Amino acid sequence: MPAKTLSPQEARDLLNSNDQVAYIDVRTVAEFASGHPRGKVVNIPIVFHHPTTKEIYPNGSFLEVVASLYGKDAPLIIGGDESGRTQQAAEQLQAAGYTNLCVMQEGVSGWRTQKFPTTTDNRDGISYASLLTAVKRKGKKKKAAAHA
């Protein structure tokens with residue numbers, strides 16, 4: 001069953017009315033850093049673009065990073081752009097057992113069209129680099145404890 005779709009207005013209303021809802025922006029790090037919805041938002045890219053060849057590579061840590069932050073029943077809004085990455089991310093999450101997903105239509109451009117607040121905040125706890133680092137450190141500690 002496909003994830004429920006939300007307009008930017010519905011996504012904003014849900015984020016503002018429910019503290020449990022989180023927004024996962026699946027665009028690249030550079031796209032996210034250029035501006036994203038303000039609120040409980042994190043960046044977990046579904047793909048990466050090679051800096052020189054522009055080839056697209058899947059993010060092999062996507063599900064691992066999401067799982068480190070959210071339970072399978074967490075209310076999540078998946079957003080990004082209109083390239084299909086948002087739907088791809090929602091499908092991967094559903095296949096992994098996530099049950100409370102919504103996809104924001106129109107992506108960040110739709111959010112901006114509505115003149116909803118955006119930010120370039122990319123600090124620890126929001127940026128992909130910080131989220132991935134926390135996951136990898138946790139994994140190293142588990143491996144070390146298993147070998148002790």
# chains A, B, ... in the order shown; residues from 1 in each chain; ligands from 1
>>> residues_around(residues="stretch 94-97 of chain A", least_positions_apart="3", cutoff="10 Å", atoms="only C-alpha atoms", output="PDB file with C-alpha atoms, in the first residue's frame")
ATOM      1  CA  MET A   1       0.000   0.000   0.000  1.00  0.00           C
ATOM      2  CA  PRO A   2       1.533   3.344  -1.000  1.00  0.00           C
ATOM      3  CA  ALA A   3       2.316   5.923   1.657  1.00  0.00           C
ATOM      4  CA  LEU A  63      17.905   2.468   6.367  1.00  0.00           C
ATOM      5  CA  ALA A  67      16.495   2.974  12.144  1.00  0.00           C
ATOM      6  CA  GLY A  71      10.989   3.172  15.463  1.00  0.00           C
ATOM      7  CA  LYS A  72       9.002   1.301  12.812  1.00  0.00           C
ATOM      8  CA  ASP A  73       5.762   2.967  13.943  1.00  0.00           C
ATOM      9  CA  GLN A  88      11.828   5.661  -3.624  1.00  0.00           C
ATOM     10  CA  ALA A  89      12.704   6.383   0.017  1.00  0.00           C
ATOM     11  CA  ALA A  90       9.128   5.749   1.162  1.00  0.00           C
ATOM     12  CA  GLU A  91       9.078   2.409  -0.668  1.00  0.00           C
ATOM     13  CA  ASN A 100       3.336   5.352   9.620  1.00  0.00           C
ATOM     14  CA  LEU A 101       4.697   7.161   6.554  1.00  0.00           C
TER      15      LEU A 101
END
>>> select_by_dssp(residues="stretch 17-61 of chain A", states="strand (DSSP E or B)", output="CSV table (one decimal) with N, CA and C atoms, in the first residue's frame")
chain,number,residue,atom,x,y,z
A,22,ALA,N,8.2,13.6,12.5
A,22,ALA,CA,9.5,14.1,12.1
A,22,ALA,C,9.5,14.1,10.5
A,23,TYR,N,10.2,15.0,10.0
A,23,TYR,CA,10.4,15.1,8.5
A,23,TYR,C,11.8,14.7,8.1
A,24,ILE,N,11.8,13.7,7.2
A,24,ILE,CA,13.1,13.2,6.7
A,24,ILE,C,13.3,13.8,5.3
A,25,ASP,N,14.3,14.7,5.1
A,25,ASP,CA,14.6,15.2,3.8
A,25,ASP,C,15.6,14.3,3.2
A,36,HIS,N,15.8,24.1,3.6
A,36,HIS,CA,14.8,23.0,3.9
A,36,HIS,C,13.7,23.5,4.8
A,37,PRO,N,12.6,22.8,5.0
A,37,PRO,CA,11.6,23.2,5.9
A,37,PRO,C,12.1,23.4,7.3
A,41,VAL,N,13.3,18.5,11.4
A,41,VAL,CA,13.7,18.0,10.1
A,41,VAL,C,15.1,17.4,10.2
A,42,VAL,N,15.4,16.3,9.6
A,42,VAL,CA,16.7,15.7,9.5
A,42,VAL,C,17.0,15.4,8.0
A,43,ASN,N,18.3,15.4,7.7
A,43,ASN,CA,18.7,15.1,6.3
A,43,ASN,C,19.3,13.6,6.3
A,47,VAL,N,20.2,9.0,-2.1
A,47,VAL,CA,21.3,8.8,-3.0
A,47,VAL,C,22.3,9.9,-2.9
A,48,PHE,N,23.5,9.6,-3.5
A,48,PHE,CA,24.5,10.6,-3.6
A,48,PHE,C,24.9,10.8,-5.1
A,49,HIS,N,25.4,12.0,-5.4
A,49,HIS,CA,25.9,12.3,-6.7
A,49,HIS,C,27.4,12.4,-6.6
A,56,ILE,N,25.0,8.7,-10.1
A,56,ILE,CA,24.1,8.6,-8.9
A,56,ILE,C,24.4,7.3,-8.2
A,57,TYR,N,24.7,7.3,-6.9
A,57,TYR,CA,24.9,6.1,-6.1
A,57,TYR,C,23.9,6.0,-5.0
A,58,PRO,N,23.4,4.8,-4.7
A,58,PRO,CA,22.5,4.7,-3.6
A,58,PRO,C,23.2,4.9,-2.3
>>> atom_distance(atom1="atom CA of A:Gly125", atom2="atom CA of A:Val108")
20.1 Å
>>> residues_around(residues="A:Leu14", least_positions_apart="4", cutoff="12 Å", atoms="only C-alpha atoms", output="count of residues only")
18
>>> atom_distance(atom1="atom CA of A:Thr120", atom2="atom CA of A:Ser34")
5.9 Å
>>> select_by_dssp(residues="stretch 5-58 of chain A", states="alpha helix (DSSP H)", output="ChimeraX atom specification")
/A:8-17,29-33
>>> residues_around(residues="stretch 132-139 of chain A", least_positions_apart="5", cutoff="8 Å", atoms="only C-alpha atoms", output="number ranges by chain")
A: 61, 64-65, 68
